[in-house]
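Working notes, beginning with the structure itself.
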Amino acid sequence: MSFHLVDTHCHLDEESFGIDRDDVVARAVSAGVTRMVTIGTTVASSRAAIALAKSYAPHVFAAVGIHPNYVAQAADDDWDRIRELVREPGVVAIGETGLDRYWDHTPLAAQQDFFDRHLTLSRETGLPFIVHCRDAETETVAQLVATSKLGALNGLMHSFAGSLETARICLELGLYLSFSGMVTFKKSATLREVVATVPADRLLVETDAPYLAPSPHRGKRNEPGYTRHTLACIADLRGEPVEQLARQTTENARRLFGWTIAE
Ligand SMILES: [Zn+2]
């Protein structure tokens, strides 16, 4: 393969990768997905992400944070742990954070409080944040807009599935939009419209593996190597050569995560 891809969002610590994680990472690398960011959702999973970044260097990097759905079960000092973990080697981002009104696991006010903590930590450390937004577009956008008054935002909207208007506002705020296998589903008409209009220098690709497997693997366990299916679909929707989009999205990821070394 003549190009490199970055899977900006996967969950390599998940149990479903327990038996064949080495093969999953090896398959990704041989499919051209030479970098992947594995995402923390709790303190334990953030620690696991850091350990995976160490084991699979230089291909795997870590994000640390507390997912909105896990905020309610976070211990009192969990946030202090995240603040410490952010300094560990291999950590390139903060999250995932954000708001989720689809699952009723955590009261919205508590989610907003933790979202704010992640955004503040991003500002303090200079590391980009990773936003999860499900059935909470209005609230998420409002909080991002309010926070942007305190300083420039540096982050990405993960598995973007919002409206054209939300995309417009996020882009105006300087954020990147990362697209998952959802764009490969024919039913995702709005999403396919959005992805065709995003400026090339703000576009990222991801799997969210083991979830959201792209067509033709839909319904199966997802893995980082499948990033190429999503990329090919987006290239098609945008009418761009696959190689060009691969180069562009990889360049975008490098810029966002502060990677200076060439692959
Ligand atoms: Zn995720």
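In the structure tokens, chains take letters A, B, ... by order of appearance, with residues numbered from 1 within each chain and ligands from 1 in the order shown.
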Excluding segment 73-76 of chain A and residues on its chain fewer than 2 positions from it, collect all residues at most 9 Å away from it, counting only C-alpha atoms, and give them as a CSV table (one decimal) with C-alpha atoms, in the first residue's frame.
chain,number,residue,atom,x,y,z
A,42,THR,CA,-12.5,5.5,32.5
A,43,VAL,CA,-9.4,5.7,34.6
A,66,ILE,CA,-13.8,9.8,31.3
A,69,ASN,CA,-21.6,7.7,30.2
A,70,TYR,CA,-19.1,6.7,32.9
A,71,VAL,CA,-19.1,10.1,34.8
A,78,ASP,CA,-10.7,9.8,39.4
A,79,TRP,CA,-10.3,13.2,37.9
A,80,ASP,CA,-7.0,13.7,39.7
A,105,HIS,CA,-26.4,6.8,32.6
A,106,THR,CA,-25.3,10.2,34.1
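For Asp23 of chain A, the set of protein, DNA and RNA residues having any atom at most 12 Å away, when counting only C-alpha atoms and skipping those fewer than 3 positions along the same chain, is Leu12, Phe17, Gly18, Ile19, Asp20, Ala26, Arg27, Ala28, Val29, Ser30, Ala31, Tyr56, Glu223, Pro224 and Gly225 of chain A.
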Residues at most 10 Å from ligand 1, using only C-alpha atoms and all ligand atoms? Could they come as a PyMOL selection string?
chain A and resi 8-11+38-41+67+95-97+130-132+158-159+206-211
Store the residues of this selection in a file with C-alpha atoms, as a PDB file, in the first residue's frame.
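Just written: out_16.pdb:
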ATOM      1  CA  THR A   8      -8.085   8.584  15.198  1.00  0.00           C
ATOM      2  CA  HIS A   9     -10.489   6.690  17.452  1.00  0.00           C
ATOM      3  CA  CYS A  10     -10.547   3.050  18.530  1.00  0.00           C
ATOM      4  CA  HIS A  11     -10.942   1.095  21.747  1.00  0.00           C
ATOM      5  CA  THR A  38      -6.849   4.127  21.488  1.00  0.00           C
ATOM      6  CA  ILE A  39      -9.297   6.018  23.660  1.00  0.00           C
ATOM      7  CA  GLY A  40      -9.795   6.029  27.414  1.00  0.00           C
ATOM      8  CA  THR A  41     -13.334   5.943  28.804  1.00  0.00           C
ATOM      9  CA  HIS A  67     -16.572   9.122  28.866  1.00  0.00           C
ATOM     10  CA  GLY A  95     -11.038  12.167  26.043  1.00  0.00           C
ATOM     11  CA  GLU A  96     -13.291  10.903  25.206  1.00  0.00           C
ATOM     12  CA  THR A  97     -15.514  13.541  26.720  1.00  0.00           C
ATOM     13  CA  ILE A 130     -12.014  14.361  21.676  1.00  0.00           C
ATOM     14  CA  VAL A 131     -15.767  14.969  21.769  1.00  0.00           C
ATOM     15  CA  HIS A 132     -18.441  12.288  21.936  1.00  0.00           C
ATOM     16  CA  HIS A 158     -15.510  12.016  17.008  1.00  0.00           C
ATOM     17  CA  SER A 159     -17.724   9.873  14.747  1.00  0.00           C
ATOM     18  CA  GLU A 206     -11.669   6.659  12.449  1.00  0.00           C
ATOM     19  CA  THR A 207     -13.233   3.281  13.184  1.00  0.00           C
ATOM     20  CA  ASP A 208     -14.518   3.525  16.796  1.00  0.00           C
ATOM     21  CA  ALA A 209     -13.593  -0.176  16.782  1.00  0.00           C
ATOM     22  CA  PRO A 210     -14.862  -2.588  17.993  1.00  0.00           C
ATOM     23  CA  TYR A 211     -18.113  -0.676  17.256  1.00  0.00           C
TER      24      TYR A 211
END
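Here the strand (DSSP E) residues in segment 41-190 of chain A, by DSSP on the backbone, are A:Val60, A:Phe61, A:Ala62, A:Ala63, A:Val64, A:Val91, A:Val92, A:Ala93, A:Ile94, A:Gly95, A:Glu96, A:Thr97, A:Gly98, A:Leu99, A:Asp100, A:Phe129, A:Ile130, A:Val131, A:His132, A:Cys133, A:Arg134, A:Gly155, A:Leu156, A:Met157, A:Tyr176, A:Leu177, A:Ser178, A:Phe179.
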Taken to one decimal, the atom CA of Cys233 of chain A-atom CA of Ala213 of chain A distance is 13.1 Å
Show which residues sit within 9 Å of Pro199 of chain A, as a ChimeraX atom specification. Count only C-alpha atoms, and ignore same-chain residues fewer than 4 positions away.
/A:171,195,203
State, in Å with one decimal place, the distance from atom CA of Leu256 of chain A to atom CA of Asp22 of chain A.
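Computing the Euclidean distance for atom CA of Leu256 of chain A and atom CA of Asp22 of chain A yields 26.6 Å.
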So which residues touch Leu191 of chain A within 10 Å, counting only C-alpha atoms, skipping near sequence neighbours fewer than 5 positions away, as number ranges by chain?
A: 160-164, 167, 179, 182-186, 196
Next, dump the selected residues to file, keeping only N, CA and C atoms, as an mmCIF file, in the first residue's frame.
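Written out: part.cif:
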data_model
loop_
_atom_site.group_PDB
_atom_site.id
_atom_site.type_symbol
_atom_site.label_atom_id
_atom_site.label_comp_id
_atom_site.auth_asym_id
_atom_site.auth_seq_id
_atom_site.Cartn_x
_atom_site.Cartn_y
_atom_site.Cartn_z
ATOM 1 N N PHE A 160 -18.456 11.960 13.810
ATOM 2 C CA PHE A 160 -19.403 13.051 13.605
ATOM 3 C C PHE A 160 -20.676 12.535 12.939
ATOM 4 N N ALA A 161 -21.821 12.930 13.505
ATOM 5 C CA ALA A 161 -23.103 12.477 12.963
ATOM 6 C C ALA A 161 -24.125 13.606 13.047
ATOM 7 N N GLY A 162 -23.628 14.841 13.165
ATOM 8 C CA GLY A 162 -24.519 15.980 13.360
ATOM 9 C C GLY A 162 -25.041 16.552 12.046
ATOM 10 N N SER A 163 -25.778 17.636 12.181
ATOM 11 C CA SER A 163 -26.369 18.305 11.027
ATOM 12 C C SER A 163 -25.318 19.144 10.296
ATOM 13 N N LEU A 164 -25.691 19.634 9.118
ATOM 14 C CA LEU A 164 -24.818 20.542 8.372
ATOM 15 C C LEU A 164 -24.530 21.795 9.185
ATOM 16 N N ALA A 167 -22.057 21.036 11.879
ATOM 17 C CA ALA A 167 -20.738 20.918 11.239
ATOM 18 C C ALA A 167 -20.164 22.316 10.983
ATOM 19 N N PHE A 179 -14.741 11.115 10.858
ATOM 20 C CA PHE A 179 -15.856 10.303 10.355
ATOM 21 C C PHE A 179 -15.555 8.817 10.507
ATOM 22 N N MET A 182 -19.989 4.932 9.872
ATOM 23 C CA MET A 182 -21.375 5.352 9.651
ATOM 24 C C MET A 182 -21.589 5.985 8.279
ATOM 25 N N VAL A 183 -20.556 6.623 7.740
ATOM 26 C CA VAL A 183 -20.712 7.247 6.412
ATOM 27 C C VAL A 183 -20.892 6.212 5.303
ATOM 28 N N THR A 184 -20.497 4.984 5.588
ATOM 29 C CA THR A 184 -20.614 3.947 4.546
ATOM 30 C C THR A 184 -22.027 3.370 4.481
ATOM 31 N N PHE A 185 -22.881 3.710 5.459
ATOM 32 C CA PHE A 185 -24.246 3.209 5.457
ATOM 33 C C PHE A 185 -25.102 4.090 4.547
ATOM 34 N N LYS A 186 -25.743 3.468 3.588
ATOM 35 C CA LYS A 186 -26.521 4.224 2.604
ATOM 36 C C LYS A 186 -27.589 5.113 3.249
ATOM 37 N N ALA A 196 -19.097 15.387 2.355
ATOM 38 C CA ALA A 196 -18.713 15.873 1.027
ATOM 39 C C ALA A 196 -18.369 17.362 1.043
#
For Leu156 of chain A, find every residue with an atom within 8 Å (counting only C-alpha atoms), except residues of its own chain fewer than 6 positions away, and show them as a compact mmCIF listing (two decimals) with N, CA and C atoms, in the first residue's frame.
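Written out: result-v7.txt:
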# COMPACT_ATOMS: atom_id res chain seq x y z
N PRO A 128 -5.08 18.17 22.27
CA PRO A 128 -6.43 18.27 21.73
C PRO A 128 -7.43 17.41 22.51
N PHE A 129 -8.70 17.84 22.51
CA PHE A 129 -9.75 17.04 23.17
C PHE A 129 -10.56 16.29 22.12
N ILE A 130 -11.22 15.22 22.56
CA ILE A 130 -12.01 14.36 21.68
C ILE A 130 -13.45 14.34 22.17
N VAL A 131 -14.37 14.82 21.34
CA VAL A 131 -15.77 14.97 21.77
C VAL A 131 -16.65 13.84 21.27
N LEU A 175 -12.57 23.33 14.98
CA LEU A 175 -12.48 21.90 15.29
C LEU A 175 -12.33 21.05 14.02
N TYR A 176 -11.83 19.85 14.21
CA TYR A 176 -11.76 18.85 13.15
C TYR A 176 -12.99 17.95 13.27
N LEU A 177 -13.43 17.40 12.15
CA LEU A 177 -14.53 16.43 12.16
C LEU A 177 -13.97 15.08 11.75
N SER A 178 -14.19 14.09 12.62
CA SER A 178 -13.71 12.74 12.34
C SER A 178 -14.89 11.85 11.97
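Here the question is which of A:Gly126, A:Pro216, A:Gly65, A:Gly155 gets nearest to Leu204 of chain A using only C-alpha atoms, and that residue is A:Gly155.
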With distances taken over only C-alpha atoms, which of A:Leu99, A:Val141, A:Ala235, A:Ala48 is nearest to Arg168 of chain A?
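Among the listed residues, A:Val141 lies closest to Arg168 of chain A.
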Give the alpha helix (DSSP H) residues of segment 155-256 of chain A, as assigned by DSSP on the backbone, as a PyMOL selection string.
chain A and resi 164-172+189-197+227-238+242-256
Quick check, in Å to one decimal: how far apart do atom CA of Met157 of chain A and atom CA of Thr140 of chain A lie?
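Taking atom CA of Met157 of chain A as the start and atom CA of Thr140 of chain A as the end point, the length is 10.3 Å.
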